[in-house]
$ cat work.cif   # mmCIF, C-alpha atoms
data_start
#
loop_
_atom_site.label_atom_id
_atom_site.label_comp_id
_atom_site.auth_asym_id
_atom_site.auth_seq_id
_atom_site.Cartn_x
_atom_site.Cartn_y
_atom_site.Cartn_z
CA MET A 1450 -25.54 92.24 116.11
CA LYS A 1451 -24.20 90.41 113.11
CA HIS A 1452 -20.75 88.89 113.61
CA VAL A 1453 -18.58 87.73 110.75
CA LEU A 1454 -16.33 84.79 111.60
CA VAL A 1455 -13.63 83.64 109.22
CA CYS A 1456 -12.70 80.08 110.00
CA LYS A 1457 -9.95 78.00 108.43
CA VAL A 1458 -10.56 74.28 108.79
CA GLU A 1459 -9.03 71.07 107.49
CA ASN A 1460 -10.56 70.02 104.19
CA LYS A 1461 -11.91 66.64 105.35
CA PRO A 1462 -15.33 65.01 105.14
CA GLY A 1463 -17.39 65.57 108.28
CA VAL A 1464 -15.91 68.94 109.26
CA LEU A 1465 -18.92 70.92 108.06
CA ASN A 1466 -21.10 68.51 109.99
CA ARG A 1467 -19.13 69.08 113.20
CA ILE A 1468 -19.41 72.84 112.85
CA SER A 1469 -23.11 72.85 112.01
CA SER A 1470 -23.72 70.58 115.04
CA LEU A 1471 -21.98 73.14 117.23
CA PHE A 1472 -24.27 75.91 116.04
CA ARG A 1473 -27.28 73.69 116.40
CA ARG A 1474 -26.49 72.67 119.99
CA ARG A 1475 -25.96 76.29 120.98
CA LEU A 1476 -29.09 77.36 119.05
CA TYR A 1477 -27.33 80.20 117.28
CA ASN A 1478 -28.95 81.17 114.05
CA ILE A 1479 -26.61 81.28 111.07
CA ASP A 1480 -27.42 84.18 108.76
CA SER A 1481 -25.24 82.90 105.97
CA LEU A 1482 -22.46 80.40 105.54
CA THR A 1483 -20.02 79.73 102.74
CA VAL A 1484 -17.46 76.96 102.48
CA SER A 1485 -14.95 76.65 99.69
CA PRO A 1486 -11.36 75.65 98.96
CA THR A 1487 -8.43 78.03 99.52
CA GLU A 1488 -4.93 78.53 98.10
CA ASN A 1489 -4.00 75.39 100.05
CA PRO A 1490 -5.94 72.27 98.96
CA ALA A 1491 -5.72 70.81 102.50
CA VAL A 1492 -7.54 73.80 103.97
CA SER A 1493 -11.13 75.00 103.53
CA ARG A 1494 -12.28 78.46 104.46
CA MET A 1495 -15.67 79.16 105.97
CA THR A 1496 -17.25 82.55 106.41
CA ILE A 1497 -20.04 82.39 108.95
CA VAL A 1498 -22.36 85.30 109.68
CA VAL A 1499 -24.10 84.80 112.99
CA ASP A 1500 -26.60 87.04 114.74
CA ALA A 1501 -25.37 87.14 118.34
CA THR A 1502 -24.22 89.45 121.10
CA ARG A 1503 -20.51 90.18 121.44
CA THR A 1504 -20.25 87.76 124.40
CA ASP A 1505 -22.00 85.00 122.50
CA ALA A 1506 -19.77 85.56 119.47
CA ARG A 1507 -16.73 85.11 121.71
CA ILE A 1508 -18.17 81.85 123.03
CA VAL A 1509 -18.80 80.61 119.48
CA GLU A 1510 -15.22 81.53 118.55
CA ARG A 1511 -13.83 79.62 121.56
CA ASN A 1512 -16.00 76.60 120.79
CA LEU A 1513 -14.95 76.57 117.15
CA TYR A 1514 -11.33 76.49 118.31
CA LYS A 1515 -12.05 73.40 120.39
CA LEU A 1516 -12.94 71.37 117.29
CA VAL A 1517 -9.98 69.24 116.24
CA ASN A 1518 -10.20 70.24 112.59
CA THR A 1519 -10.11 73.98 113.21
CA ILE A 1520 -6.91 75.75 112.20
CA GLU A 1521 -7.81 79.38 112.81
CA VAL A 1522 -10.85 81.48 113.72
CA LYS A 1523 -11.06 85.24 113.44
CA ASP A 1524 -13.92 87.60 114.19
CA VAL A 1525 -13.45 90.24 111.47
CA THR A 1526 -16.59 92.24 112.35
CA ASP A 1527 -14.68 95.25 113.68
CA LEU A 1528 -11.46 94.77 111.71
CA PRO A 1529 -10.72 96.70 108.50
CA ALA A 1530 -11.82 94.08 106.02
CA VAL A 1531 -13.20 93.78 102.51
CA LYS A 1532 -16.66 92.21 102.76
CA ARG A 1533 -18.48 91.04 99.68
CA ASP A 1534 -21.71 89.30 98.82
CA LEU A 1535 -22.93 88.26 95.36
CA ALA A 1536 -26.59 88.12 94.37
CA LEU A 1537 -28.39 86.80 91.31
CA ILE A 1538 -31.84 88.34 91.06
CA LYS A 1539 -34.50 87.33 88.52
CA VAL A 1540 -36.93 90.22 88.07
CA HIS A 1541 -40.22 90.19 86.17
CA THR A 1542 -40.15 92.65 83.29
CA ASN A 1543 -42.36 93.65 80.40
CA PRO A 1544 -41.63 96.00 77.49
CA ASP A 1545 -42.79 98.94 79.62
CA THR A 1546 -40.70 98.29 82.70
CA ARG A 1547 -37.56 96.80 81.16
CA SER A 1548 -35.72 100.07 80.51
CA GLU A 1549 -36.52 101.27 84.02
CA VAL A 1550 -35.02 98.07 85.47
CA LEU A 1551 -31.94 98.41 83.25
CA ASN A 1552 -31.45 101.99 84.47
CA LEU A 1553 -31.47 100.80 88.06
CA VAL A 1554 -28.93 98.11 87.17
CA ASP A 1555 -26.65 100.83 85.81
CA ILE A 1556 -27.04 103.01 88.89
CA PHE A 1557 -26.10 100.11 91.19
CA ARG A 1558 -23.34 98.99 88.81
CA GLY A 1559 -24.90 95.59 88.38
CA LYS A 1560 -24.72 93.37 85.29
CA VAL A 1561 -27.55 91.88 83.28
CA VAL A 1562 -26.54 88.26 82.72
CA ASP A 1563 -29.71 86.87 81.13
CA VAL A 1564 -32.68 88.35 79.31
CA ALA A 1565 -35.94 86.54 78.56
CA PRO A 1566 -39.20 88.03 77.24
CA SER A 1567 -40.71 88.34 80.71
CA SER A 1568 -37.70 88.45 83.02
CA VAL A 1569 -34.06 89.44 83.40
CA ILE A 1570 -31.36 88.03 85.67
CA ILE A 1571 -29.14 90.63 87.32
CA GLU A 1572 -25.78 89.99 88.96
CA LEU A 1573 -24.71 92.36 91.73
CA THR A 1574 -21.71 92.24 94.05
CA GLY A 1575 -20.99 94.51 96.96
CA GLU A 1576 -21.48 94.98 100.66
CA VAL A 1577 -24.58 93.39 102.14
CA LYS A 1578 -26.34 96.75 102.64
CA LYS A 1579 -25.91 97.74 98.99
CA ILE A 1580 -27.45 94.46 97.84
CA ASP A 1581 -30.26 94.79 100.39
CA SER A 1582 -31.21 98.22 99.08
CA PHE A 1583 -31.04 97.07 95.45
CA ILE A 1584 -33.42 94.21 96.25
CA GLU A 1585 -35.70 96.66 98.06
CA VAL A 1586 -35.83 98.88 94.94
CA LEU A 1587 -36.54 95.93 92.62
CA LYS A 1588 -39.44 94.65 94.71
CA GLU A 1589 -41.95 96.92 92.94
CA PHE A 1590 -41.28 95.06 89.67
CA GLY A 1591 -41.69 91.66 91.29
CA ILE A 1592 -38.78 89.39 92.18
CA ALA A 1593 -39.19 85.94 90.66
CA GLU A 1594 -36.13 84.34 92.19
CA LEU A 1595 -33.23 85.41 94.37
CA VAL A 1596 -30.00 83.73 95.37
CA ARG A 1597 -27.11 85.19 97.35
CA THR A 1598 -23.75 83.65 98.06
CA GLY A 1599 -23.60 84.97 101.59
CA LEU A 1600 -20.78 87.13 102.82
CA VAL A 1601 -17.07 86.49 102.32
CA ALA A 1602 -14.52 88.66 104.10
CA MET A 1603 -10.80 89.32 103.90
CA GLU A 1604 -8.68 91.51 106.17
CA ARG A 1605 -7.15 94.47 104.36
CA GLY A 1606 -3.37 94.67 103.84
CA ARG A 1607 -1.34 96.67 106.37
CA SER A 1608 -0.73 100.46 106.22
CA ASP A 1609 -3.40 101.24 103.64
CA LYS A 1610 -2.51 104.91 103.79
CA GLU A 1611 0.51 104.61 101.54
CA VAL A 1612 -1.56 103.87 98.44
CA PRO A 1613 0.40 104.73 95.29
CA ALA A 1614 -1.48 107.08 92.99
CA VAL A 1615 -1.64 104.74 90.00
CA ALA A 1616 -3.18 101.96 92.05
CA ALA A 1617 -5.60 104.23 93.89
CA ALA A 1618 -7.04 105.31 90.55
CA GLN A 1619 -8.03 101.72 89.88
CA GLN A 1620 -9.81 101.23 93.17
CA VAL A 1621 -13.52 100.68 92.83
CA ASN A 1622 -16.25 100.07 95.33
CA ILE A 1623 -14.11 100.24 98.45
CA MET B 426 -18.22 64.97 87.60
CA LYS B 427 -19.29 68.05 89.49
CA HIS B 428 -23.02 68.32 90.10
CA VAL B 429 -24.71 71.55 91.11
CA LEU B 430 -27.74 71.07 93.33
CA VAL B 431 -30.04 73.97 94.14
CA CYS B 432 -31.98 73.18 97.25
CA LYS B 433 -34.74 75.24 98.85
CA VAL B 434 -35.19 74.45 102.53
CA GLU B 435 -37.13 75.84 105.44
CA ASN B 436 -35.21 78.57 107.26
CA LYS B 437 -35.07 76.85 110.65
CA PRO B 438 -32.22 76.04 113.04
CA GLY B 439 -30.85 72.54 112.54
CA VAL B 440 -31.62 72.24 108.82
CA LEU B 441 -28.01 72.78 107.76
CA ASN B 442 -27.00 70.18 110.31
CA ARG B 443 -29.43 67.63 108.88
CA ILE B 444 -28.14 68.18 105.37
CA SER B 445 -24.47 68.05 106.30
CA SER B 446 -25.16 64.81 108.22
CA LEU B 447 -26.63 63.32 105.07
CA PHE B 448 -23.49 64.11 103.06
CA ARG B 449 -21.31 62.83 105.85
CA ARG B 450 -23.13 59.50 106.18
CA ARG B 451 -22.93 58.94 102.44
CA LEU B 452 -19.29 60.07 102.37
CA TYR B 453 -19.85 62.45 99.48
CA ASN B 454 -17.35 65.24 99.34
CA ILE B 455 -18.85 68.72 99.11
CA ASP B 456 -16.83 70.97 96.80
CA SER B 457 -18.57 74.11 97.91
CA LEU B 458 -21.71 75.04 99.75
CA THR B 459 -23.55 78.30 100.23
CA VAL B 460 -26.62 79.00 102.35
CA SER B 461 -28.42 82.27 102.44
CA PRO B 462 -31.86 83.83 102.70
CA THR B 463 -34.14 84.21 99.66
CA GLU B 464 -36.97 86.51 98.57
CA ASN B 465 -39.09 84.62 101.14
CA PRO B 466 -37.83 84.95 104.74
CA ALA B 467 -39.18 81.49 105.63
CA VAL B 468 -37.06 79.82 102.96
CA SER B 469 -33.28 79.41 102.68
CA ARG B 470 -31.55 78.50 99.48
CA MET B 471 -28.52 76.24 99.37
CA THR B 472 -26.28 75.68 96.40
CA ILE B 473 -24.27 72.50 96.84
CA VAL B 474 -21.52 71.44 94.46
CA VAL B 475 -20.75 67.76 94.90
CA ASP B 476 -18.24 65.63 93.06
CA ALA B 477 -20.19 62.47 92.18
CA THR B 478 -21.31 60.27 89.33
CA ARG B 479 -24.69 60.93 87.74
CA THR B 480 -26.21 57.97 89.61
CA ASP B 481 -24.82 59.15 92.94
CA ALA B 482 -26.08 62.67 92.30
CA ARG B 483 -29.58 61.24 91.74
CA ILE B 484 -29.34 59.37 95.03
CA VAL B 485 -28.27 62.53 96.84
CA GLU B 486 -31.20 64.38 95.26
CA ARG B 487 -33.65 61.70 96.39
CA ASN B 488 -32.21 61.67 99.89
CA LEU B 489 -32.38 65.43 100.16
CA TYR B 490 -36.07 65.23 99.29
CA LYS B 491 -36.63 62.81 102.16
CA LEU B 492 -35.60 65.42 104.73
CA VAL B 493 -38.69 67.03 106.25
CA ASN B 494 -37.39 70.57 105.82
CA THR B 495 -36.69 70.27 102.11
CA ILE B 496 -39.04 72.19 99.83
CA GLU B 497 -37.41 71.64 96.44
CA VAL B 498 -34.23 70.14 94.99
CA LYS B 499 -33.02 70.66 91.44
CA ASP B 500 -29.90 69.39 89.72
CA VAL B 501 -29.07 72.32 87.43
CA THR B 502 -25.81 70.85 86.09
CA ASP B 503 -27.14 70.29 82.59
CA LEU B 504 -29.84 72.96 82.56
CA PRO B 505 -29.33 76.37 80.97
CA ALA B 506 -28.39 78.28 84.10
CA VAL B 507 -26.36 81.29 85.16
CA LYS B 508 -23.57 80.05 87.42
CA ARG B 509 -21.45 82.49 89.39
CA ASP B 510 -18.63 82.36 91.91
CA LEU B 511 -16.99 85.32 93.65
CA ALA B 512 -13.35 85.34 94.75
CA LEU B 513 -11.30 87.75 96.85
CA ILE B 514 -7.61 87.23 96.17
CA LYS B 515 -4.79 88.94 98.10
CA VAL B 516 -1.68 88.97 95.92
CA HIS B 517 1.86 89.97 96.96
CA THR B 518 3.07 92.96 94.94
CA ASN B 519 6.05 95.30 94.88
CA PRO B 520 6.59 98.48 92.83
CA ASP B 521 7.96 96.34 89.97
CA THR B 522 5.14 93.82 89.72
CA ARG B 523 2.15 96.00 90.64
CA SER B 524 1.39 97.32 87.17
CA GLU B 525 1.65 93.82 85.72
CA VAL B 526 -0.89 92.56 88.26
CA LEU B 527 -3.20 95.50 87.54
CA ASN B 528 -3.04 94.72 83.81
CA LEU B 529 -4.13 91.16 84.47
CA VAL B 530 -7.00 92.45 86.62
CA ASP B 531 -8.15 94.55 83.63
CA ILE B 532 -7.94 91.64 81.22
CA PHE B 533 -10.07 89.44 83.48
CA ARG B 534 -12.41 92.36 84.27
CA GLY B 535 -11.70 92.11 87.96
CA LYS B 536 -11.72 94.97 90.47
CA VAL B 537 -8.98 96.08 92.82
CA VAL B 538 -10.71 96.61 96.16
CA ASP B 539 -7.72 97.23 98.44
CA VAL B 540 -4.16 98.36 97.93
CA ALA B 541 -1.38 98.13 100.54
CA PRO B 542 2.37 98.70 100.00
CA SER B 543 3.08 95.00 99.58
CA SER B 544 -0.25 93.51 98.48
CA VAL B 545 -3.50 94.14 96.64
CA ILE B 546 -6.90 92.52 97.08
CA ILE B 547 -8.72 91.68 93.85
CA GLU B 548 -12.41 90.91 93.48
CA LEU B 549 -13.45 88.68 90.60
CA THR B 550 -16.83 87.20 89.71
CA GLY B 551 -17.58 84.72 86.98
CA GLU B 552 -17.86 81.08 86.13
CA VAL B 553 -15.68 78.73 88.18
CA LYS B 554 -13.30 78.06 85.26
CA LYS B 555 -12.62 81.76 84.69
CA ILE B 556 -11.73 82.26 88.35
CA ASP B 557 -9.59 79.11 88.33
CA SER B 558 -7.54 80.40 85.42
CA PHE B 559 -7.15 83.85 86.97
CA ILE B 560 -5.81 82.27 90.16
CA GLU B 561 -3.46 80.13 88.08
CA VAL B 562 -2.08 83.27 86.39
CA LEU B 563 -1.63 85.10 89.70
CA LYS B 564 0.30 82.26 91.30
CA GLU B 565 3.63 83.51 89.92
CA PHE B 566 3.28 86.70 92.01
CA GLY B 567 2.46 84.79 95.17
CA ILE B 568 -1.05 84.48 96.58
CA ALA B 569 -1.21 85.59 100.21
CA GLU B 570 -4.85 84.76 100.84
CA LEU B 571 -7.79 83.47 98.87
CA VAL B 572 -11.47 83.18 99.63
CA ARG B 573 -14.28 82.11 97.32
CA THR B 574 -17.99 82.17 97.92
CA GLY B 575 -18.60 78.91 96.15
CA LEU B 576 -20.99 78.59 93.25
CA VAL B 577 -24.52 79.96 93.10
CA ALA B 578 -26.78 79.05 90.20
CA MET B 579 -30.07 80.24 88.73
CA GLU B 580 -32.02 78.76 85.83
CA ARG B 581 -32.31 81.11 82.87
CA GLY B 582 -35.69 82.56 81.90
CA ARG B 583 -37.69 80.80 79.18
CA SER B 584 -37.27 81.39 75.41
CA ASP B 585 -34.01 83.31 75.61
CA LYS B 586 -33.95 83.71 71.85
CA GLU B 587 -36.32 86.64 71.78
CA VAL B 588 -33.80 88.99 73.35
CA PRO B 589 -34.69 92.60 72.56
CA ALA B 590 -31.81 94.53 71.06
CA VAL B 591 -31.61 97.17 73.77
CA ALA B 592 -31.31 94.57 76.49
CA ALA B 593 -28.88 92.37 74.58
CA ALA B 594 -26.46 95.27 74.32
CA GLN B 595 -26.29 95.37 78.09
CA GLN B 596 -25.50 91.69 78.49
CA VAL B 597 -22.06 91.00 79.89
CA ASN B 598 -20.21 87.82 80.72
CA ILE B 599 -22.92 85.39 79.63
#
$ encode --input "work.cif" --output "structure tokens"
Amino acid sequence: MKHVLVCKVENKPGVLNRISSLFRRRLYNIDSLTVSPTENPAVSRMTIVVDATRTDARIVERNLYKLVNTIEVKDVTDLPAVKRDLALIKVHTNPDTRSEVLNLVDIFRGKVVDVAPSSVIIELTGEVKKIDSFIEVLKEFGIAELVRTGLVAMERGRSDKEVPAVAAAQQVNI
Amino acid sequence: MKHVLVCKVENKPGVLNRISSLFRRRLYNIDSLTVSPTENPAVSRMTIVVDATRTDARIVERNLYKLVNTIEVKDVTDLPAVKRDLALIKVHTNPDTRSEVLNLVDIFRGKVVDVAPSSVIIELTGEVKKIDSFIEVLKEFGIAELVRTGLVAMERGRSDKEVPAVAAAQQVNI
């Protein structure tokens, strides 16, 4: 099962190395990993997706906590959280297939961010499954290049039920 | 100067560890890093943003090539490339400030993906600078939590000039 760990660490050189060593020693396979700055320049935030059993995920969590540079670790797999992935997909096109590809982009609410005579680059954000199925659909046209950011996750705010009407109208893609 | 390195590596355990060791030994500071699968399951793609001089970036590139698991390294900093970052931003709101925040989300073409009584989560994709300025604008409301995927980059297709009209109309955010 895929577990999503959100890990706040000190923003210091060598921290990524310590964490990747941990995963290497334990032989866990990282599905995706992102590291980037946060609202606090002294803190980096990592989102690690690891394919492991629940017990193994707990062990990883405990081991991450043991590292001196770790501030907080949270397994958000089963928590109400917003999970997003971004993909850039370069698809082969020709005058015959282009409009078909553009229709699919519309259906999946993607964006065309580059057009060349024989290819287009599409940007798509969403849950991992949505992006997976989009890629599956595009395969028949031929995928020239694909890059994904990997998952980022954020716990939802408390008591979501009391959504004011005006704000709810603006919600997209929840 | 920030250099964007796109690095294709074998999808094997330990590869991330080897690469992070390299950056650690050389004391280069990684601004952001993403690793995720590609169109080929045997290959992972990393996008590394490193703050270094042009000479240092060349050295990093050469050293990355020396690693046995590296398939290809490209410095796309000065190449025509689509560069994208995704941010999830949780902002404090109250009934007085909410509509102001939602207006800003519209202006920056973001999406509200969660609404709670005292906060909203906003999703924004775009170039790093666009996201930076959005975060700057939101600071006055109070940012509760922030996560970014880090940059991903893809070289544009060849001879962009011959954009067919129908496709050009669909282009957004180039």
$ atom_distance --input "work.cif" --atom1 "atom CA of Glu570 of chain B" --atom2 "atom CA of Lys515 of chain B"
5.0 Å
$ resolve_selection --input "work.cif" --expression "the PyMOL selection byres ((chain B and resi 482) around 10)" --output "tab-separated table (two decimals) with C-alpha atoms, keeping the file's coordinate frame"
chain	number	residue	atom	x	y	z
B	426	MET	CA	-18.22	64.97	87.60
B	427	LYS	CA	-19.29	68.05	89.49
B	428	HIS	CA	-23.02	68.32	90.10
B	429	VAL	CA	-24.71	71.55	91.11
B	430	LEU	CA	-27.74	71.07	93.33
B	453	TYR	CA	-19.85	62.45	99.48
B	475	VAL	CA	-20.75	67.76	94.90
B	476	ASP	CA	-18.24	65.63	93.06
B	477	ALA	CA	-20.19	62.47	92.18
B	478	THR	CA	-21.31	60.27	89.33
B	479	ARG	CA	-24.69	60.93	87.74
B	480	THR	CA	-26.21	57.97	89.61
B	481	ASP	CA	-24.82	59.15	92.94
B	483	ARG	CA	-29.58	61.24	91.74
B	484	ILE	CA	-29.34	59.37	95.03
B	485	VAL	CA	-28.27	62.53	96.84
B	486	GLU	CA	-31.20	64.38	95.26
B	487	ARG	CA	-33.65	61.70	96.39
B	488	ASN	CA	-32.21	61.67	99.89
B	500	ASP	CA	-29.90	69.39	89.72
$ resolve_selection --input "work.cif" --expression "the PyMOL selection byres ((chain A and resi 1559) around 6)" --output "list in words"
Val1554, Phe1557, Arg1558, Lys1560, Glu1572 and Leu1573 of chain A
$ closest_residue --input "work.cif" --among "B:Val562, B:Lys555, B:Thr495, B:Ser544" --to "Asn528 of chain B" --atoms "only C-alpha atoms"
B:Val562
$ atom_distance --input "work.cif" --atom1 "atom CA of Lys1457 of chain A" --atom2 "atom CA of Phe566 of chain B"
22.8 Å
$ build_atoms --input "work.cif" --residues "segment 463-473 of chain B" --atoms "all heavy atoms" --output "PDB file, keeping the file's coordinate frame"
ATOM      1  N   THR B 463     -33.602  83.988 101.017  1.00  0.00           N
ATOM      2  CA  THR B 463     -34.140  84.210  99.660  1.00  0.00           C
ATOM      3  C   THR B 463     -35.151  85.350  99.715  1.00  0.00           C
ATOM      4  O   THR B 463     -35.236  86.067 100.709  1.00  0.00           O
ATOM      5  CB  THR B 463     -34.876  82.969  99.148  1.00  0.00           C
ATOM      6  OG1 THR B 463     -35.974  82.722 100.030  1.00  0.00           O
ATOM      7  CG2 THR B 463     -33.974  81.774  99.092  1.00  0.00           C
ATOM      8  N   GLU B 464     -35.928  85.481  98.641  1.00  0.00           N
ATOM      9  CA  GLU B 464     -36.970  86.510  98.570  1.00  0.00           C
ATOM     10  C   GLU B 464     -38.062  86.245  99.625  1.00  0.00           C
ATOM     11  O   GLU B 464     -38.820  87.131  99.970  1.00  0.00           O
ATOM     12  CB  GLU B 464     -37.557  86.575  97.156  1.00  0.00           C
ATOM     13  CG  GLU B 464     -38.346  85.362  96.660  1.00  0.00           C
ATOM     14  CD  GLU B 464     -37.473  84.193  96.183  1.00  0.00           C
ATOM     15  OE1 GLU B 464     -36.254  84.224  96.387  1.00  0.00           O
ATOM     16  OE2 GLU B 464     -38.036  83.229  95.613  1.00  0.00           O
ATOM     17  N   ASN B 465     -38.116  85.005 100.122  1.00  0.00           N
ATOM     18  CA  ASN B 465     -39.090  84.620 101.140  1.00  0.00           C
ATOM     19  C   ASN B 465     -38.359  84.329 102.451  1.00  0.00           C
ATOM     20  O   ASN B 465     -37.563  83.392 102.513  1.00  0.00           O
ATOM     21  CB  ASN B 465     -39.837  83.377 100.626  1.00  0.00           C
ATOM     22  CG  ASN B 465     -40.831  82.849 101.617  1.00  0.00           C
ATOM     23  OD1 ASN B 465     -40.880  83.281 102.773  1.00  0.00           O
ATOM     24  ND2 ASN B 465     -41.630  81.900 101.169  1.00  0.00           N
ATOM     25  N   PRO B 466     -38.615  85.100 103.506  1.00  0.00           N
ATOM     26  CA  PRO B 466     -37.830  84.950 104.740  1.00  0.00           C
ATOM     27  C   PRO B 466     -37.954  83.559 105.373  1.00  0.00           C
ATOM     28  O   PRO B 466     -37.095  83.168 106.169  1.00  0.00           O
ATOM     29  CB  PRO B 466     -38.413  86.000 105.681  1.00  0.00           C
ATOM     30  CG  PRO B 466     -39.326  86.838 104.892  1.00  0.00           C
ATOM     31  CD  PRO B 466     -39.644  86.145 103.613  1.00  0.00           C
ATOM     32  N   ALA B 467     -39.000  82.811 105.029  1.00  0.00           N
ATOM     33  CA  ALA B 467     -39.180  81.490 105.630  1.00  0.00           C
ATOM     34  C   ALA B 467     -38.371  80.423 104.907  1.00  0.00           C
ATOM     35  O   ALA B 467     -38.315  79.275 105.344  1.00  0.00           O
ATOM     36  CB  ALA B 467     -40.661  81.118 105.614  1.00  0.00           C
ATOM     37  N   VAL B 468     -37.756  80.799 103.794  1.00  0.00           N
ATOM     38  CA  VAL B 468     -37.060  79.820 102.960  1.00  0.00           C
ATOM     39  C   VAL B 468     -35.588  80.195 102.810  1.00  0.00           C
ATOM     40  O   VAL B 468     -35.252  81.356 102.558  1.00  0.00           O
ATOM     41  CB  VAL B 468     -37.720  79.752 101.557  1.00  0.00           C
ATOM     42  CG1 VAL B 468     -36.954  78.818 100.631  1.00  0.00           C
ATOM     43  CG2 VAL B 468     -39.170  79.322 101.673  1.00  0.00           C
ATOM     44  N   SER B 469     -34.696  79.209 102.979  1.00  0.00           N
ATOM     45  CA  SER B 469     -33.280  79.410 102.680  1.00  0.00           C
ATOM     46  C   SER B 469     -32.965  78.674 101.392  1.00  0.00           C
ATOM     47  O   SER B 469     -33.614  77.695 101.051  1.00  0.00           O
ATOM     48  CB  SER B 469     -32.392  78.849 103.777  1.00  0.00           C
ATOM     49  OG  SER B 469     -32.500  79.609 104.930  1.00  0.00           O
ATOM     50  N   ARG B 470     -31.935  79.152 100.722  1.00  0.00           N
ATOM     51  CA  ARG B 470     -31.550  78.500  99.480  1.00  0.00           C
ATOM     52  C   ARG B 470     -30.112  78.037  99.612  1.00  0.00           C
ATOM     53  O   ARG B 470     -29.233  78.805  99.978  1.00  0.00           O
ATOM     54  CB  ARG B 470     -31.669  79.502  98.340  1.00  0.00           C
ATOM     55  CG  ARG B 470     -31.349  78.937  97.000  1.00  0.00           C
ATOM     56  CD  ARG B 470     -31.882  79.862  95.940  1.00  0.00           C
ATOM     57  NE  ARG B 470     -31.358  79.510  94.644  1.00  0.00           N
ATOM     58  CZ  ARG B 470     -32.023  79.643  93.517  1.00  0.00           C
ATOM     59  NH1 ARG B 470     -33.229  80.141  93.537  1.00  0.00           N
ATOM     60  NH2 ARG B 470     -31.477  79.314  92.367  1.00  0.00           N
ATOM     61  N   MET B 471     -29.874  76.766  99.324  1.00  0.00           N
ATOM     62  CA  MET B 471     -28.520  76.240  99.370  1.00  0.00           C
ATOM     63  C   MET B 471     -28.089  75.878  97.964  1.00  0.00           C
ATOM     64  O   MET B 471     -28.880  75.352  97.187  1.00  0.00           O
ATOM     65  CB  MET B 471     -28.463  74.973 100.220  1.00  0.00           C
ATOM     66  CG  MET B 471     -29.019  75.157 101.612  1.00  0.00           C
ATOM     67  SD  MET B 471     -29.004  73.616 102.527  1.00  0.00           S
ATOM     68  CE  MET B 471     -27.366  73.656 103.157  1.00  0.00           C
ATOM     69  N   THR B 472     -26.855  76.180  97.642  1.00  0.00           N
ATOM     70  CA  THR B 472     -26.280  75.680  96.400  1.00  0.00           C
ATOM     71  C   THR B 472     -25.136  74.754  96.810  1.00  0.00           C
ATOM     72  O   THR B 472     -24.209  75.177  97.490  1.00  0.00           O
ATOM     73  CB  THR B 472     -25.741  76.820  95.521  1.00  0.00           C
ATOM     74  OG1 THR B 472     -26.730  77.848  95.451  1.00  0.00           O
ATOM     75  CG2 THR B 472     -25.413  76.326  94.124  1.00  0.00           C
ATOM     76  N   ILE B 473     -25.264  73.498  96.440  1.00  0.00           N
ATOM     77  CA  ILE B 473     -24.270  72.500  96.840  1.00  0.00           C
ATOM     78  C   ILE B 473     -23.591  71.976  95.594  1.00  0.00           C
ATOM     79  O   ILE B 473     -24.247  71.539  94.649  1.00  0.00           O
ATOM     80  CB  ILE B 473     -24.952  71.333  97.591  1.00  0.00           C
ATOM     81  CG1 ILE B 473     -25.762  71.865  98.779  1.00  0.00           C
ATOM     82  CG2 ILE B 473     -23.914  70.316  98.069  1.00  0.00           C
ATOM     83  CD1 ILE B 473     -26.672  70.827  99.417  1.00  0.00           C
TER      84      ILE B 473
END
